[in-house]
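K.L.:
My structure is stored as input.pdb, with PDB, C-alpha atoms.
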```pdb
ATOM      1  CA  MET A1083      17.812   5.416   9.449  1.00  0.00           C
ATOM      2  CA  PRO A1084      14.158   6.434   9.158  1.00  0.00           C
ATOM      3  CA  GLN A1085      11.634   3.644   9.391  1.00  0.00           C
ATOM      4  CA  GLN A1086      10.470   2.139   6.087  1.00  0.00           C
ATOM      5  CA  ILE A1087       6.812   1.189   5.734  1.00  0.00           C
ATOM      6  CA  PRO A1088       5.787  -0.901   2.729  1.00  0.00           C
ATOM      7  CA  CYS A1089       2.731   0.507   0.953  1.00  0.00           C
ATOM      8  CA  LEU A1090       0.830  -1.965  -1.211  1.00  0.00           C
ATOM      9  CA  TRP A1091      -1.480  -0.653  -3.977  1.00  0.00           C
ATOM     10  CA  PHE A1092      -4.749  -2.555  -4.382  1.00  0.00           C
ATOM     11  CA  ASP A1093      -7.819  -2.173  -6.542  1.00  0.00           C
ATOM     12  CA  GLY A1094     -10.496  -2.441  -3.847  1.00  0.00           C
ATOM     13  CA  ASP A1095      -8.958  -5.305  -1.807  1.00  0.00           C
ATOM     14  CA  ALA A1096      -6.859  -3.342   0.700  1.00  0.00           C
ATOM     15  CA  GLU A1097      -8.951  -4.188   3.762  1.00  0.00           C
ATOM     16  CA  ALA A1098      -9.388  -7.860   2.788  1.00  0.00           C
ATOM     17  CA  ALA A1099      -5.642  -8.168   2.193  1.00  0.00           C
ATOM     18  CA  ALA A1100      -4.732  -6.530   5.504  1.00  0.00           C
ATOM     19  CA  ARG A1101      -7.160  -8.792   7.375  1.00  0.00           C
ATOM     20  CA  HIS A1102      -5.739 -11.853   5.589  1.00  0.00           C
ATOM     21  CA  TYR A1103      -2.121 -10.946   6.379  1.00  0.00           C
ATOM     22  CA  THR A1104      -2.832 -10.098  10.019  1.00  0.00           C
ATOM     23  CA  SER A1105      -4.474 -13.525  10.423  1.00  0.00           C
ATOM     24  CA  ILE A1106      -1.245 -15.220   9.248  1.00  0.00           C
ATOM     25  CA  PHE A1107       1.564 -13.364  11.041  1.00  0.00           C
ATOM     26  CA  PRO A1108       1.835 -13.319  14.858  1.00  0.00           C
ATOM     27  CA  ASN A1109       1.696 -10.041  16.793  1.00  0.00           C
ATOM     28  CA  SER A1110      -0.259  -8.410  13.973  1.00  0.00           C
ATOM     29  CA  SER A1111      -3.230  -6.077  13.906  1.00  0.00           C
ATOM     30  CA  ILE A1112      -5.213  -3.517  11.948  1.00  0.00           C
ATOM     31  CA  ARG A1113      -4.297  -0.085  13.329  1.00  0.00           C
ATOM     32  CA  ASP A1114      -6.459   2.297  11.311  1.00  0.00           C
ATOM     33  CA  ILE A1115      -8.795   2.407   8.325  1.00  0.00           C
ATOM     34  CA  THR A1116      -9.218   5.661   6.381  1.00  0.00           C
ATOM     35  CA  ARG A1117     -12.168   6.120   4.026  1.00  0.00           C
ATOM     36  CA  TYR A1118     -12.606   8.254   0.938  1.00  0.00           C
ATOM     37  CA  GLY A1119     -14.591  11.456   1.396  1.00  0.00           C
ATOM     38  CA  PRO A1120     -17.148  13.095  -0.908  1.00  0.00           C
ATOM     39  CA  ASP A1121     -16.490  14.093  -4.540  1.00  0.00           C
ATOM     40  CA  MET A1122     -14.077  11.258  -5.358  1.00  0.00           C
ATOM     41  CA  PRO A1123     -13.193  10.478  -8.967  1.00  0.00           C
ATOM     42  CA  PRO A1124     -14.474   7.116 -10.251  1.00  0.00           C
ATOM     43  CA  PRO A1125     -14.107   4.300  -9.422  1.00  0.00           C
ATOM     44  CA  MET A1126     -13.795   5.533  -5.813  1.00  0.00           C
ATOM     45  CA  LYS A1127     -16.820   6.695  -3.932  1.00  0.00           C
ATOM     46  CA  GLU A1128     -17.484   8.245  -0.558  1.00  0.00           C
ATOM     47  CA  GLY A1129     -17.105   5.722   2.245  1.00  0.00           C
ATOM     48  CA  ASP A1130     -14.884   3.287   0.324  1.00  0.00           C
ATOM     49  CA  VAL A1131     -11.718   2.207   2.101  1.00  0.00           C
ATOM     50  CA  MET A1132      -8.783   4.379   1.031  1.00  0.00           C
ATOM     51  CA  THR A1133      -5.991   3.061   3.286  1.00  0.00           C
ATOM     52  CA  VAL A1134      -5.512   0.404   5.935  1.00  0.00           C
ATOM     53  CA  ASP A1135      -2.622   0.813   8.338  1.00  0.00           C
ATOM     54  CA  PHE A1136      -1.641  -2.497   9.894  1.00  0.00           C
ATOM     55  CA  THR A1137       1.287  -4.296  11.485  1.00  0.00           C
ATOM     56  CA  LEU A1138       2.770  -7.692  10.645  1.00  0.00           C
ATOM     57  CA  ASP A1139       4.710  -8.994  13.626  1.00  0.00           C
ATOM     58  CA  GLY A1140       5.288  -5.412  14.754  1.00  0.00           C
ATOM     59  CA  GLN A1141       6.362  -4.065  11.317  1.00  0.00           C
ATOM     60  CA  PRO A1142       4.046  -1.293  10.038  1.00  0.00           C
ATOM     61  CA  TRP A1143       2.495  -1.674   6.573  1.00  0.00           C
ATOM     62  CA  THR A1144      -0.057   0.320   4.588  1.00  0.00           C
ATOM     63  CA  ALA A1145      -2.559  -1.019   2.076  1.00  0.00           C
ATOM     64  CA  LEU A1146      -3.986   1.543  -0.350  1.00  0.00           C
ATOM     65  CA  ASN A1147      -7.029   1.180  -2.589  1.00  0.00           C
ATOM     66  CA  GLY A1148      -5.692   3.266  -5.453  1.00  0.00           C
ATOM     67  CA  GLY A1149      -7.571   1.783  -8.391  1.00  0.00           C
ATOM     68  CA  PRO A1150      -6.736  -0.489 -11.313  1.00  0.00           C
ATOM     69  CA  GLN A1151      -3.744   1.444 -12.715  1.00  0.00           C
ATOM     70  CA  PHE A1152      -1.024  -0.707 -11.122  1.00  0.00           C
ATOM     71  CA  ARG A1153      -0.678  -4.449 -10.588  1.00  0.00           C
ATOM     72  CA  PHE A1154       1.735  -6.456  -8.483  1.00  0.00           C
ATOM     73  CA  ASN A1155       4.458  -8.439 -10.206  1.00  0.00           C
ATOM     74  CA  GLU A1156       7.463 -10.527  -9.212  1.00  0.00           C
ATOM     75  CA  SER A1157       9.918  -7.634  -9.507  1.00  0.00           C
ATOM     76  CA  VAL A1158       9.108  -6.881  -5.855  1.00  0.00           C
ATOM     77  CA  SER A1159       8.689  -9.591  -3.240  1.00  0.00           C
ATOM     78  CA  PHE A1160       8.767  -9.834   0.527  1.00  0.00           C
ATOM     79  CA  GLN A1161      11.101 -12.332   2.179  1.00  0.00           C
ATOM     80  CA  ILE A1162       9.943 -14.216   5.238  1.00  0.00           C
ATOM     81  CA  MET A1163      13.010 -15.540   7.038  1.00  0.00           C
ATOM     82  CA  CYS A1164      11.787 -18.623   8.904  1.00  0.00           C
ATOM     83  CA  ALA A1165      13.479 -20.259  11.894  1.00  0.00           C
ATOM     84  CA  ASP A1166      12.731 -23.796  10.717  1.00  0.00           C
ATOM     85  CA  GLN A1167      10.767 -25.995   8.322  1.00  0.00           C
ATOM     86  CA  GLU A1168       7.621 -25.939  10.466  1.00  0.00           C
ATOM     87  CA  GLU A1169       7.498 -22.141  10.413  1.00  0.00           C
ATOM     88  CA  ALA A1170       8.225 -22.059   6.668  1.00  0.00           C
ATOM     89  CA  ASP A1171       5.453 -24.576   5.998  1.00  0.00           C
ATOM     90  CA  HIS A1172       3.001 -22.453   8.010  1.00  0.00           C
ATOM     91  CA  TYR A1173       3.632 -19.345   5.881  1.00  0.00           C
ATOM     92  CA  TRP A1174       3.798 -21.312   2.624  1.00  0.00           C
ATOM     93  CA  THR A1175       0.458 -23.012   3.283  1.00  0.00           C
ATOM     94  CA  ARG A1176      -1.348 -19.878   4.428  1.00  0.00           C
ATOM     95  CA  LEU A1177      -0.002 -17.582   1.697  1.00  0.00           C
ATOM     96  CA  THR A1178      -0.526 -20.033  -1.185  1.00  0.00           C
ATOM     97  CA  ASP A1179      -4.175 -20.549  -0.125  1.00  0.00           C
ATOM     98  CA  GLY A1180      -5.967 -18.986  -3.085  1.00  0.00           C
ATOM     99  CA  GLY A1181      -2.628 -17.996  -4.605  1.00  0.00           C
ATOM    100  CA  GLU A1182      -0.053 -19.798  -6.694  1.00  0.00           C
ATOM    101  CA  GLU A1183       3.259 -21.514  -6.107  1.00  0.00           C
ATOM    102  CA  SER A1184       6.359 -20.541  -8.002  1.00  0.00           C
ATOM    103  CA  MET A1185       9.937 -21.806  -7.855  1.00  0.00           C
ATOM    104  CA  CYS A1186      12.587 -21.743  -5.120  1.00  0.00           C
ATOM    105  CA  GLY A1187      10.294 -20.745  -2.256  1.00  0.00           C
ATOM    106  CA  TRP A1188       8.543 -17.941  -4.169  1.00  0.00           C
ATOM    107  CA  LEU A1189       4.776 -17.624  -4.296  1.00  0.00           C
ATOM    108  CA  LYS A1190       2.028 -15.199  -5.189  1.00  0.00           C
ATOM    109  CA  ASP A1191      -0.765 -14.837  -2.671  1.00  0.00           C
ATOM    110  CA  ARG A1192      -4.465 -14.481  -3.541  1.00  0.00           C
ATOM    111  CA  PHE A1193      -3.974 -10.723  -4.008  1.00  0.00           C
ATOM    112  CA  GLY A1194      -1.032 -11.102  -6.398  1.00  0.00           C
ATOM    113  CA  VAL A1195       1.642 -10.050  -3.881  1.00  0.00           C
ATOM    114  CA  SER A1196       4.901 -12.027  -4.204  1.00  0.00           C
ATOM    115  CA  TRP A1197       6.578 -13.570  -1.173  1.00  0.00           C
ATOM    116  CA  GLN A1198       9.707 -15.652  -0.619  1.00  0.00           C
ATOM    117  CA  VAL A1199       9.426 -18.177   2.202  1.00  0.00           C
ATOM    118  CA  VAL A1200      13.000 -18.908   3.295  1.00  0.00           C
ATOM    119  CA  PRO A1201      14.047 -21.293   6.066  1.00  0.00           C
ATOM    120  CA  VAL A1202      17.291 -19.709   7.330  1.00  0.00           C
ATOM    121  CA  GLU A1203      19.120 -23.052   7.096  1.00  0.00           C
ATOM    122  CA  LEU A1204      18.726 -22.821   3.312  1.00  0.00           C
ATOM    123  CA  LEU A1205      21.136 -19.871   3.283  1.00  0.00           C
ATOM    124  CA  THR A1206      23.688 -21.840   5.284  1.00  0.00           C
ATOM    125  CA  LEU A1207      23.436 -24.788   2.890  1.00  0.00           C
ATOM    126  CA  VAL A1208      23.714 -22.835  -0.373  1.00  0.00           C
ATOM    127  CA  ASN A1209      26.590 -20.759   1.052  1.00  0.00           C
ATOM    128  CA  ASP A1210      28.520 -23.734   2.448  1.00  0.00           C
ATOM    129  CA  PRO A1211      32.305 -23.176   2.409  1.00  0.00           C
ATOM    130  CA  ASP A1212      32.639 -26.478   0.513  1.00  0.00           C
ATOM    131  CA  PRO A1213      31.811 -25.424  -3.077  1.00  0.00           C
ATOM    132  CA  GLY A1214      30.617 -28.906  -4.046  1.00  0.00           C
ATOM    133  CA  ARG A1215      28.236 -29.101  -1.093  1.00  0.00           C
ATOM    134  CA  ALA A1216      26.938 -25.568  -1.803  1.00  0.00           C
ATOM    135  CA  GLN A1217      26.407 -26.445  -5.477  1.00  0.00           C
ATOM    136  CA  ARG A1218      24.494 -29.652  -4.661  1.00  0.00           C
ATOM    137  CA  ALA A1219      22.305 -27.717  -2.207  1.00  0.00           C
ATOM    138  CA  THR A1220      21.666 -25.000  -4.787  1.00  0.00           C
ATOM    139  CA  GLN A1221      20.788 -27.504  -7.505  1.00  0.00           C
ATOM    140  CA  ALA A1222      18.307 -29.234  -5.171  1.00  0.00           C
ATOM    141  CA  MET A1223      16.720 -25.893  -4.241  1.00  0.00           C
ATOM    142  CA  LEU A1224      16.349 -24.912  -7.903  1.00  0.00           C
ATOM    143  CA  GLN A1225      14.141 -27.977  -8.475  1.00  0.00           C
ATOM    144  CA  MET A1226      11.703 -27.084  -5.675  1.00  0.00           C
ATOM    145  CA  ARG A1227       8.642 -24.954  -5.276  1.00  0.00           C
ATOM    146  CA  ARG A1228       8.184 -25.131  -1.487  1.00  0.00           C
ATOM    147  CA  ILE A1229      11.607 -25.315   0.155  1.00  0.00           C
ATOM    148  CA  ASP A1230      12.276 -28.678   1.823  1.00  0.00           C
ATOM    149  CA  VAL A1231      15.359 -28.226   4.010  1.00  0.00           C
ATOM    150  CA  ASP A1232      15.744 -31.954   4.761  1.00  0.00           C
ATOM    151  CA  ALA A1233      15.822 -32.784   1.041  1.00  0.00           C
ATOM    152  CA  ILE A1234      18.333 -29.995   0.392  1.00  0.00           C
ATOM    153  CA  ARG A1235      20.506 -31.184   3.284  1.00  0.00           C
ATOM    154  CA  ARG A1236      20.426 -34.758   1.905  1.00  0.00           C
ATOM    155  CA  ALA A1237      21.393 -33.478  -1.567  1.00  0.00           C
ATOM    156  CA  ALA A1238      24.208 -31.363  -0.116  1.00  0.00           C
ATOM    157  CA  ASP A1239      25.553 -34.343   1.832  1.00  0.00           C
ATOM    158  CA  SER A1240      25.357 -36.784  -1.083  1.00  0.00           C
ATOM    159  CA  VAL A1241      28.674 -37.762  -2.537  1.00  0.00           C
ATOM    160  CA  PRO A1242      28.776 -37.837  -6.335  1.00  0.00           C
ATOM    161  CA  ALA A1243      29.655 -41.238  -7.816  1.00  0.00           C
TER     162      ALA A1243
END
```
Kindly present the structure from the file in structure tokens form.
P.N.:
Amino acid sequence: MPQQIPCLWFDGDAEAAARHYTSIFPNSSIRDITRYGPDMPPPMKEGDVMTVDFTLDGQPWTALNGGPQFRFNESVSFQIMCADQEEADHYWTRLTDGGEESMCGWLKDRFGVSWQVVPVELLTLVNDPDPGRAQRATQAMLQMRRIDVDAIRRAADSVPA
């Protein structure tokens, strides 16, 4: 299958966003910055950043300064599958800095991009073969903003009275 490269549309913040993201994810870097040339329609002007090509942990991304026509919303989000709670907390803390928390591990960063920070053990707990255990784990998760795997595990293991 051909490689997919997410392209994020910004209104002037493409370079700041790419620099922010590459400071959070390991093995990340800015690869190339393209600037607008002469005779650009407003609000763009010659020399402004048009695109930033960057990698997040080896995955290519593009950030485009396309103008104010489009805004991010929760209908598209990026999942970060985390090995453990410590890794999940790292991404949650860094991405919510200047952003806002939502429910069930979702957040919006300071640029309005939606992310889901998911410790992989969460998937095991909510998909447990014991339907009661899976339901208790799911109910605990639905009450959370930042996912707390220990709390979900305790809820899953609790025995109803």
K.L.:
Report the distance between CA of Leu1177 in chain A and CA of Thr1220 in chain A in Å, rounded to one decimal place.
P.N.:
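Here the two named atoms are 23.8 Å from each other.
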K.L.:
When you look at Leu1224 in chain A with a cut-off of 12 Å (counting all atoms listed in the file), what residues show up, excluding the ones that are within fewer than 2 positions of it in the same chain? I need them as an mmCIF file with C-alpha atoms, in the frame of the given file.
P.N.:
```
data_model
loop_
_atom_site.group_PDB
_atom_site.id
_atom_site.type_symbol
_atom_site.label_atom_id
_atom_site.label_comp_id
_atom_site.auth_asym_id
_atom_site.auth_seq_id
_atom_site.Cartn_x
_atom_site.Cartn_y
_atom_site.Cartn_z
ATOM 1 C CA SER A 1184 6.359 -20.541 -8.002
ATOM 2 C CA MET A 1185 9.937 -21.806 -7.855
ATOM 3 C CA CYS A 1186 12.587 -21.743 -5.120
ATOM 4 C CA GLY A 1187 10.294 -20.745 -2.256
ATOM 5 C CA TRP A 1188 8.543 -17.941 -4.169
ATOM 6 C CA LEU A 1204 18.726 -22.821 3.312
ATOM 7 C CA VAL A 1208 23.714 -22.835 -0.373
ATOM 8 C CA GLN A 1217 26.407 -26.445 -5.477
ATOM 9 C CA ARG A 1218 24.494 -29.652 -4.661
ATOM 10 C CA ALA A 1219 22.305 -27.717 -2.207
ATOM 11 C CA THR A 1220 21.666 -25.000 -4.787
ATOM 12 C CA GLN A 1221 20.788 -27.504 -7.505
ATOM 13 C CA ALA A 1222 18.307 -29.234 -5.171
ATOM 14 C CA MET A 1226 11.703 -27.084 -5.675
ATOM 15 C CA ARG A 1227 8.642 -24.954 -5.276
ATOM 16 C CA ARG A 1228 8.184 -25.131 -1.487
ATOM 17 C CA ILE A 1229 11.607 -25.315 0.155
ATOM 18 C CA ASP A 1230 12.276 -28.678 1.823
ATOM 19 C CA ALA A 1233 15.822 -32.784 1.041
ATOM 20 C CA ILE A 1234 18.333 -29.995 0.392
ATOM 21 C CA ALA A 1237 21.393 -33.478 -1.567
#
```
K.L.:
Separation of CA of Ile1106 in chain A and CA of Tyr1173 in chain A, in Å?
P.N.:
7.2 Å
K.L.:
Please write as a list of chain:residue names the full residue list that the PyMOL selection byres ((chain A and resi 1112) around 9) yields on this file.
P.N.:
A:Ala1100, A:Arg1101, A:Thr1104, A:Ser1110, A:Ser1111, A:Arg1113, A:Asp1114, A:Ile1115, A:Val1134, A:Asp1135, A:Phe1136, A:Thr1137
K.L.:
Just C-alpha atoms for this one: save the residues we selected as a compact mmCIF listing (two decimals), in the coordinates of the input.
P.N.:
```
# COMPACT_ATOMS: atom_id res chain seq x y z
CA ALA A 1100 -4.73 -6.53 5.50
CA ARG A 1101 -7.16 -8.79 7.38
CA THR A 1104 -2.83 -10.10 10.02
CA SER A 1110 -0.26 -8.41 13.97
CA SER A 1111 -3.23 -6.08 13.91
CA ARG A 1113 -4.30 -0.08 13.33
CA ASP A 1114 -6.46 2.30 11.31
CA ILE A 1115 -8.80 2.41 8.32
CA VAL A 1134 -5.51 0.40 5.94
CA ASP A 1135 -2.62 0.81 8.34
CA PHE A 1136 -1.64 -2.50 9.89
CA THR A 1137 1.29 -4.30 11.48
```
K.L.:
Would you mind telling me which residue in A:Tyr1118, A:Phe1107, A:Trp1197, A:Trp1174 lies nearest to Asn1147 in chain A when using all atoms listed in the file?
P.N.:
A:Tyr1118
K.L.:
Go ahead and compute the interatomic distance for CA of His1172 in chain A and CA of Phe1092 in chain A, in Å to one decimal.
P.N.:
24.7 Å
